[in-house]
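> Would you mind keeping the following structure in view while I ask a few things?
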Amino acid sequence: MNDMTKAEKLPSAEQILEPSPTSLLLKRAFGHAGMTIGGGVLLVILVMALFSPWLAPHDPYAFDLAKKYIDPIWHANGTWEHILGTDGQGRDYLSRIIYGARVSLLIGFAAMLISGILGTALGVAAGYFGGRVDMVITFIITTRLAMPAILVALAVVALVGSSMWIVIWVLGLLIWDRFAVVMRSATQQVRNMDYVAAARALGCSTARIVLTEIMPNIVNSLIVVATLEVAHAVLLEAALSFLGLGVQPPTPSWGLMISEGKGMMFFKAWVIGIPGAALFAMVLCINLLGDGIRDVTAPENRN
Amino acid sequence: MLRYTLKRFGVALLVALTVSVVAFTLLRLSGDPAAALAGEGATEEDIEYVRKHYGFDQPLLTQYSAWLVKALKGDFGVSVYLKTPVSEIIFERAPTTLILGLCALSFALILSIPLGVLAAMYPNTIIDRTALTIAVVGQALPSFFFALVLIIVFGVWLRMLPISGSGSWLNFIMPSVALGYYATPAIMRLTRAGMMDVLSSDYIRTARAKGLRPRVVLFKHALRNAIIPVVSLSAVQLGFMLGGSIVIETIFSLNGLGNLAWQSIQRSDFEVMQAIVLTVASFYIVLTFLADMLNAFLDPRIRVH
Amino acid sequence: MSERILEVENLTVDIPVPGGILHAVQGTSFHVNRGESLCIVGESGCGKSLTSLALMDLLPKKATRKAAKMELDGANILDIGERRMSDIRGDRMGMIFQEPMTSLNPAYTIGNQMEEAMLRHRKVSREEARDRAVYLLEKVGITAARSRLRQYPHQLSGGLRQRVMIAMTLMCGPDLIIADEPTTALDVTIQAQILLLLAELQKEFEMGLILITHDLGVVARVADRVAVMYAGQIVEQGTAKAVFENPSHPYTQGLLECIPIPGKTRRGQHLGSIPGIVPSLVGDLRGCRFAERCVHAQPGCSASDVALGRRGEEDHLYRCVLTPEQCAANLNAMVPA
């Protein structure tokens with residue numbers, strides 16, 4: 001019989017100590033182009049929003065009808081005093097863009113939080129309990145999906161009145177469906193795992209199982225959806241404001257600025273181009289960040 | 001199969017009913033409908049009169065039942081503003097929105113499916129990255145902004161397309177693009193993912209081992225299977241487009257349901273609003289129902305024997 | 001018509017991997033005679049599946065294949081272009097895969113998939129193709145063949161699907177069939193049936209058969225000739241009788257010790273095992289690939305490549321510097337007196 005097992009060398013200490021999961025994650029994150037670019041620009045926008053009073057060269061509400069529609073710096077008659085020009089009321093565009101970031105981010109995050117809590121609660125409940133609970137919640141989700149969000153939002157805001165907080169609540173109570181759908185399927189996948197069965201066998205209470213076994217494993221999907229829903233809320237608010245039923249003037253909202261500039265767009269395209277580009281940039285970066293988080297935390301899901 | 005269909009139909013009806021209840025409640029409770037109808041500058045007596053006249057003082061349930069009974073007979077009330085039956089108005093405006101939706105979806109499909117297939121066939125090449133870039137950009141572009149840009153470029157600078165009204169088919173080009181592009185990223189990604197999955201599957205290998213020509217392998221065998229989830233998604237996206245057409249219709253002055261909804265909101269025309277929400281919801285429900293049926297038709301494994 | 005239906009000389013398959021080039025198949029040469037079955041045996045990762053894919057030119061995109069000679073019925077099938085190769089696939093050469101559950105397209109009926117195999121290569125009507133499909137389904141032992149044609153793959157069991165696969169491969173009457181572990185995914189009870197079926201069909205239609213497997217029991221049952229593969233190379237090759245009775249390569253000897261052989265293995269006898277793992281095939285390779293795990297390894301073994309040498313009958317080749325007699329003597333010397 002063969003008994004010539006060759007003696008094997010013991011692995012060295014360096015070979016045993018692999019890099020920790022956290023550092024691996026960070027390494028992947030910084031190596032991911034979309035994530036670094038998106039995250040980076042988003043950080044800039046965040047800073048812009050947080051420090052608007054200090055960054056904006058002028059008061060975004062200060063109007064001067066003598067200085068209407070001054071062109072931005074890249075036109076022949078632009079001035080350094082108003083780098084991005086002025087709007088129809090003589091207000092500095094750059095300052096309004098900077099303050100507009102605040103509005104968008106605030107509404108985006110707040111709506112995301114509301115819809116996130118509501119949608120996650122429903123989705124996890126449906127996914128975990130299954131059966132009748134799932135049937136009812138799925139029915140609720142289907143009903144919500146059948147109703148066109150923007151129509152309902154417009155109708156409600158038109159009747160209740162439009163202010164920033166009303167917009168936040170209306171959006172929050174409308175866009176929870178994606179959370180519910182994703183969290184439901186994520187919970188269903190995790191629920192069938194052996195470690196959940198083990199926890200049940202140990203007699204853990206439902207609340208404890210959900211919090212300690214299920215949530216940590218679906219948190220990745222949650223973060224990805226949350227990021228994408230911020231973008232969704234930002235776009236919805238912009239559309240509402242564009243139609244005049246979102247944030248009200250004189251508050252600087254990028255959607256509102258586009259609406260206000262519509263009349264001039266044939267002559268001075270930048271009036272809608274600048275806020276449009278700002279919206280595009282913000283939503284793009286949020287999406288890149290969301291995709292990046294998904295790729296980095298679960299690369300096996302990427303195609 | 002029949003039982004399954006009936007069950008789905010029943011659920012669909014229930015959803016439609018629930019939507020009507022929710023819409024009704026929201027509209028009635030969001031403010032004082034009587035005050036809204038009476039308009040600004042109305043006196044207390046005027047508002048009271050309006051309230052009694054339209055029955056807003058009745059309990060909500062009574063109001064809703066009254067509405068439901070009439071609705072089941074096809075009577076959706078009369079538009080406060082236009083003084084014509086709501087069902088007539090809806091019938092008149094619906095085709096425009098439907099045409100817009102279908103054109104928008106067609107545009108999205110014509111753009112996304114070939115892109116998705118190409119991206120799957122040549123992964124991680126310039127083709128793939130271009131497709132993904134288009135997807136990422138498409139998702140970030142606000143539709144109303146894109147619509148305005150299209151108007152400036154094609155309507156004013158290039159003078160190629162009309163920018164408002166619904167006279168000829170040319171009028172529908174820009175609105176369709178502006179409405180449809182938003183569905184492109186999702187459809188393209190799904191097509192790409194599905195094709196990549198399918199192309200690496202065993203039955204494709206079998207097909208090639210039989211000596212079948214590449215085109216046959218791609219279309220008859222691969223795409224046939226990869227397209228199944230895309231059909232469902234397309235139906236759902238069409239539903240969203242029909243509901244979300246309000247912005248596009250307003251910008252391009254198209255006389256569809258979206259535009260009507262916008263006008264009705266501004267005029268506090270509740271009957272019309274209620275009917276529009278229900279109509280759009282019905283479209284969505286019918287579309288998802290159709291998608292289910294198509295799914296079963298396309299994938300023999302789903303059919304219940 | 002030549003005696004040899006397939007002739008392969010010096011086939012190599014390389015795959016670029018992050019660490020370098022993976023030499024999955026290194027310079028293998030073999031042939032299949034008309035009406036004869038060749039079994040390629042080896043453990044997972046030895047390159048046997050890739051060899052079969054290389055024959056059909058169905059390798060993954062990244063892989064590169066080279067050979068000095070590859071002839072089907074005397075005609076060259078190397079570098080003839082995809083168009084001509086696709087004409088040959090399914091017509092002169094057919095392949096049966098391991099996973100019957102996923103090898104058929106779920107969206108089309110059995111009939112559709114079988115008929116298209118014939119319609120692609122022959123100018124016949126749909127009716128004629130259908131008749132041929134019925135004929136072959138009955139040949140593989142499927143009853144109610146005509147109504148089966150209208151069924152979908154998911155309505156059949158694994159064993160039935162594999163029979164369908166076999167029938168489908170025979171639609172154009174190929175000269176050579178390659179079966180890549182056709183029974184591995186099936187129940188043990190069905191395995192024997194399918195193998196027997198393959199052997200019968202092969203004899204009846206006078207085809208060449210290459211059967212790829214890791215199961216020596218299968219080899220014993222079906223093979224006329226055997227090629228044992230290890231780490232990308234053929235280490236022993238010859239008639240089944242010769243290889244089983246006189247295993248000449250230490251790996252083959254080790255393999256045979258691992259399985260109970262009726263008549264030879266005594267009750268209570270320990271079955272063997274081969275310690276160690278398959279070596280990495282990435283980068284520059286030199287020397288005998290089996291040396292690390294070989295009981296008889298000598299200093300010279302790892303230094304330089306070993307060629308296939310002859311033994312006994314002219315067709316029995318093996319890749320070792322020692323002769324079987326020397327190996328046997330070695331083993332006796334190891335047993336304590």
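Ordering of the structure tokens sets the chain letters (A, B, ...), residue numbers begin anew at 1 in every chain, and ligands are numbered from 1 in the order given.
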Do me a favour and pick out the residues of chain C within 10 Å of chain A, using only C-alpha atoms, as a PyMOL selection string.

chain C and resi 254+270-276+292-295+331+334-335

> Chain C residues within 6 Å of chain B, counting only C-alpha atoms: which ones, as a compact mmCIF listing (two decimals) with N, CA and C atoms, in the first residue's frame?


```txt
# COMPACT_ATOMS: atom_id res chain seq x y z
N SER C 86 -19.81 23.69 -39.48
CA SER C 86 -21.20 23.54 -39.06
C SER C 86 -21.95 22.59 -39.99
N ASP C 87 -21.47 22.46 -41.23
CA ASP C 87 -22.08 21.48 -42.12
C ASP C 87 -21.80 20.07 -41.63
N ARG C 89 -20.96 19.21 -38.41
CA ARG C 89 -21.58 18.95 -37.09
C ARG C 89 -23.02 18.56 -37.25
N GLY C 90 -23.38 17.50 -36.61
CA GLY C 90 -24.77 17.07 -36.68
C GLY C 90 -25.02 16.17 -37.87
N THR C 102 -30.97 19.69 -19.19
CA THR C 102 -30.87 21.05 -19.72
C THR C 102 -30.39 21.11 -21.16
N SER C 103 -30.19 19.95 -21.78
CA SER C 103 -29.62 19.98 -23.12
C SER C 103 -30.65 20.16 -24.21
N LEU C 104 -31.92 20.17 -23.86
CA LEU C 104 -32.95 20.39 -24.87
C LEU C 104 -33.64 21.72 -24.62
N ASN C 105 -33.99 22.39 -25.69
CA ASN C 105 -34.63 23.71 -25.58
C ASN C 105 -36.05 23.57 -25.04
N ALA C 107 -38.48 25.48 -25.03
CA ALA C 107 -39.56 26.20 -25.72
C ALA C 107 -40.11 25.47 -26.93
N ALA C 117 -32.80 19.00 -36.79
CA ALA C 117 -31.47 18.41 -36.94
C ALA C 117 -31.30 17.82 -38.32
```

> Tell me, counting only C-alpha atoms, for each residue of chain A within 10 Å of chain B, which pair of atoms is nearest and how far apart they are in Å to one decimal, in rows ordered by chain and increasing number, as a Markdown table.


```
| residue | atom | partner | partner_atom | distance |
| --- | --- | --- | --- | --- |
| A:Phe139 | CA | B:Val15 | CA | 7.3 |
| A:Ile140 | CA | B:Val15 | CA | 8.4 |
| A:Ile141 | CA | B:Val15 | CA | 9.9 |
| A:Thr142 | CA | B:Val15 | CA | 7.3 |
| A:Thr143 | CA | B:Val15 | CA | 5.5 |
| A:Arg144 | CA | B:Val19 | CA | 7.8 |
| A:Leu145 | CA | B:Tyr284 | CA | 8.3 |
| A:Ala146 | CA | B:Ala281 | CA | 4.8 |
| A:Met147 | CA | B:Ala281 | CA | 5.4 |
| A:Pro148 | CA | B:Gly243 | CA | 4.7 |
| A:Ala149 | CA | B:Gly243 | CA | 7.6 |
| A:Ile150 | CA | B:Gly244 | CA | 6.3 |
| A:Leu151 | CA | B:Gly243 | CA | 7.1 |
| A:Val152 | CA | B:Ala23 | CA | 7.8 |
| A:Leu154 | CA | B:Ile265 | CA | 7.5 |
| A:Ala155 | CA | B:Ile265 | CA | 5.9 |
| A:Val156 | CA | B:Ser30 | CA | 5.8 |
| A:Val157 | CA | B:Ser30 | CA | 8.1 |
| A:Ala158 | CA | B:Ile265 | CA | 6.7 |
| A:Leu159 | CA | B:Gly31 | CA | 5.2 |
| A:Val160 | CA | B:Gly31 | CA | 5.4 |
| A:Gly161 | CA | B:Gly31 | CA | 8.6 |
| A:Ala231 | CA | B:Ala140 | CA | 8.1 |
| A:His232 | CA | B:Ala140 | CA | 9.2 |
| A:Val234 | CA | B:Pro142 | CA | 9.5 |
| A:Leu235 | CA | B:Pro142 | CA | 6.2 |
| A:Leu236 | CA | B:Pro142 | CA | 8.8 |
| A:Ala238 | CA | B:Pro142 | CA | 8.0 |
| A:Ala239 | CA | B:Phe144 | CA | 7.0 |
| A:Leu240 | CA | B:Val247 | CA | 9.1 |
| A:Phe242 | CA | B:Phe144 | CA | 8.1 |
| A:Leu243 | CA | B:Val247 | CA | 7.6 |
| A:Gly255 | CA | B:Phe145 | CA | 8.7 |
| A:Ile258 | CA | B:Phe145 | CA | 7.7 |
| A:Ser259 | CA | B:Phe145 | CA | 9.4 |
| A:Lys262 | CA | B:Leu148 | CA | 8.2 |
| A:Met265 | CA | B:Ile152 | CA | 7.6 |
| A:Phe266 | CA | B:Ile152 | CA | 6.5 |
| A:Phe267 | CA | B:Ile152 | CA | 9.7 |
| A:Ala269 | CA | B:Ile152 | CA | 8.0 |
| A:Ile272 | CA | B:Phe145 | CA | 7.9 |
| A:Gly273 | CA | B:Val149 | CA | 8.2 |
| A:Pro275 | CA | B:Phe145 | CA | 9.3 |
| A:Gly276 | CA | B:Phe145 | CA | 6.1 |
| A:Ala277 | CA | B:Leu141 | CA | 8.8 |
| A:Leu279 | CA | B:Pro142 | CA | 7.5 |
| A:Phe280 | CA | B:Leu141 | CA | 5.3 |
| A:Ala281 | CA | B:Ala140 | CA | 7.6 |
| A:Met282 | CA | B:Ala140 | CA | 8.1 |
| A:Val283 | CA | B:Ala140 | CA | 5.1 |
| A:Leu284 | CA | B:Ala140 | CA | 4.8 |
| A:Cys285 | CA | B:Ala140 | CA | 8.5 |
| A:Ile286 | CA | B:Ala140 | CA | 8.8 |
| A:Asn287 | CA | B:Ala140 | CA | 7.4 |
| A:Leu288 | CA | B:Val136 | CA | 7.8 |
| A:Asp291 | CA | B:Val136 | CA | 9.6 |
| A:Arg302 | CA | B:Ala193 | CA | 9.1 |
| A:Asn303 | CA | B:Ala193 | CA | 6.5 |
```

> Please dump the current selection as an mmCIF file, in the first residue's frame; keep C-alpha atoms.


```
data_model
loop_
_atom_site.group_PDB
_atom_site.id
_atom_site.type_symbol
_atom_site.label_atom_id
_atom_site.label_comp_id
_atom_site.auth_asym_id
_atom_site.auth_seq_id
_atom_site.Cartn_x
_atom_site.Cartn_y
_atom_site.Cartn_z
ATOM 1 C CA PHE A 139 -52.562 42.647 -3.510
ATOM 2 C CA ILE A 140 -51.807 46.000 -1.927
ATOM 3 C CA ILE A 141 -48.630 46.305 -3.970
ATOM 4 C CA THR A 142 -50.471 45.448 -7.177
ATOM 5 C CA THR A 143 -53.116 48.039 -6.411
ATOM 6 C CA ARG A 144 -50.501 50.646 -5.758
ATOM 7 C CA LEU A 145 -48.699 49.772 -9.014
ATOM 8 C CA ALA A 146 -51.947 50.028 -10.944
ATOM 9 C CA MET A 147 -52.389 53.628 -9.875
ATOM 10 C CA PRO A 148 -50.244 56.028 -11.837
ATOM 11 C CA ALA A 149 -48.040 57.657 -9.210
ATOM 12 C CA ILE A 150 -47.638 60.974 -10.855
ATOM 13 C CA LEU A 151 -51.329 61.437 -11.489
ATOM 14 C CA VAL A 152 -52.202 60.663 -7.923
ATOM 15 C CA LEU A 154 -50.553 65.761 -8.764
ATOM 16 C CA ALA A 155 -54.162 65.355 -7.777
ATOM 17 C CA VAL A 156 -53.429 65.212 -4.069
ATOM 18 C CA VAL A 157 -51.022 68.108 -4.122
ATOM 19 C CA ALA A 158 -53.425 70.178 -6.156
ATOM 20 C CA LEU A 159 -56.086 69.665 -3.538
ATOM 21 C CA VAL A 160 -54.066 69.787 -0.352
ATOM 22 C CA GLY A 161 -51.745 72.522 -1.409
ATOM 23 C CA ALA A 231 -32.915 59.273 -7.482
ATOM 24 C CA HIS A 232 -36.487 58.321 -8.265
ATOM 25 C CA VAL A 234 -35.561 63.548 -7.013
ATOM 26 C CA LEU A 235 -36.881 63.023 -10.536
ATOM 27 C CA LEU A 236 -40.489 62.931 -9.389
ATOM 28 C CA ALA A 238 -38.514 67.790 -10.369
ATOM 29 C CA ALA A 239 -41.435 66.758 -12.551
ATOM 30 C CA LEU A 240 -43.955 67.980 -10.005
ATOM 31 C CA PHE A 242 -41.897 71.593 -13.380
ATOM 32 C CA LEU A 243 -45.672 71.291 -13.631
ATOM 33 C CA GLY A 255 -37.366 71.421 -11.755
ATOM 34 C CA ILE A 258 -36.573 74.622 -15.776
ATOM 35 C CA SER A 259 -40.235 75.468 -15.779
ATOM 36 C CA LYS A 262 -39.182 77.430 -20.474
ATOM 37 C CA MET A 265 -35.446 78.381 -23.945
ATOM 38 C CA PHE A 266 -35.597 79.094 -27.626
ATOM 39 C CA PHE A 267 -33.447 82.144 -27.225
ATOM 40 C CA ALA A 269 -30.959 77.524 -24.105
ATOM 41 C CA ILE A 272 -33.012 75.305 -18.914
ATOM 42 C CA GLY A 273 -29.727 73.651 -19.813
ATOM 43 C CA PRO A 275 -30.581 73.201 -14.093
ATOM 44 C CA GLY A 276 -31.249 70.244 -16.403
ATOM 45 C CA ALA A 277 -27.580 69.353 -16.397
ATOM 46 C CA LEU A 279 -30.453 67.294 -12.278
ATOM 47 C CA PHE A 280 -28.887 64.883 -14.724
ATOM 48 C CA ALA A 281 -25.572 64.953 -12.888
ATOM 49 C CA MET A 282 -27.122 64.353 -9.496
ATOM 50 C CA VAL A 283 -29.349 61.497 -10.604
ATOM 51 C CA LEU A 284 -26.541 59.961 -12.645
ATOM 52 C CA CYS A 285 -24.192 59.944 -9.681
ATOM 53 C CA ILE A 286 -26.793 58.525 -7.346
ATOM 54 C CA ASN A 287 -27.463 55.733 -9.830
ATOM 55 C CA LEU A 288 -23.762 55.070 -10.346
ATOM 56 C CA ASP A 291 -24.996 50.264 -9.067
ATOM 57 C CA ARG A 302 -23.304 41.359 -11.800
ATOM 58 C CA ASN A 303 -23.447 39.973 -15.328
#
```

> Give me the residues within 8 Å of Ser162 (chain A) as a list in words, counting only C-alpha atoms and dropping any in the same chain fewer than 4 places off.

Val157, Ala158, Ile166, Val167, Leu245, Gly246, Val247 and Gln248 of chain A
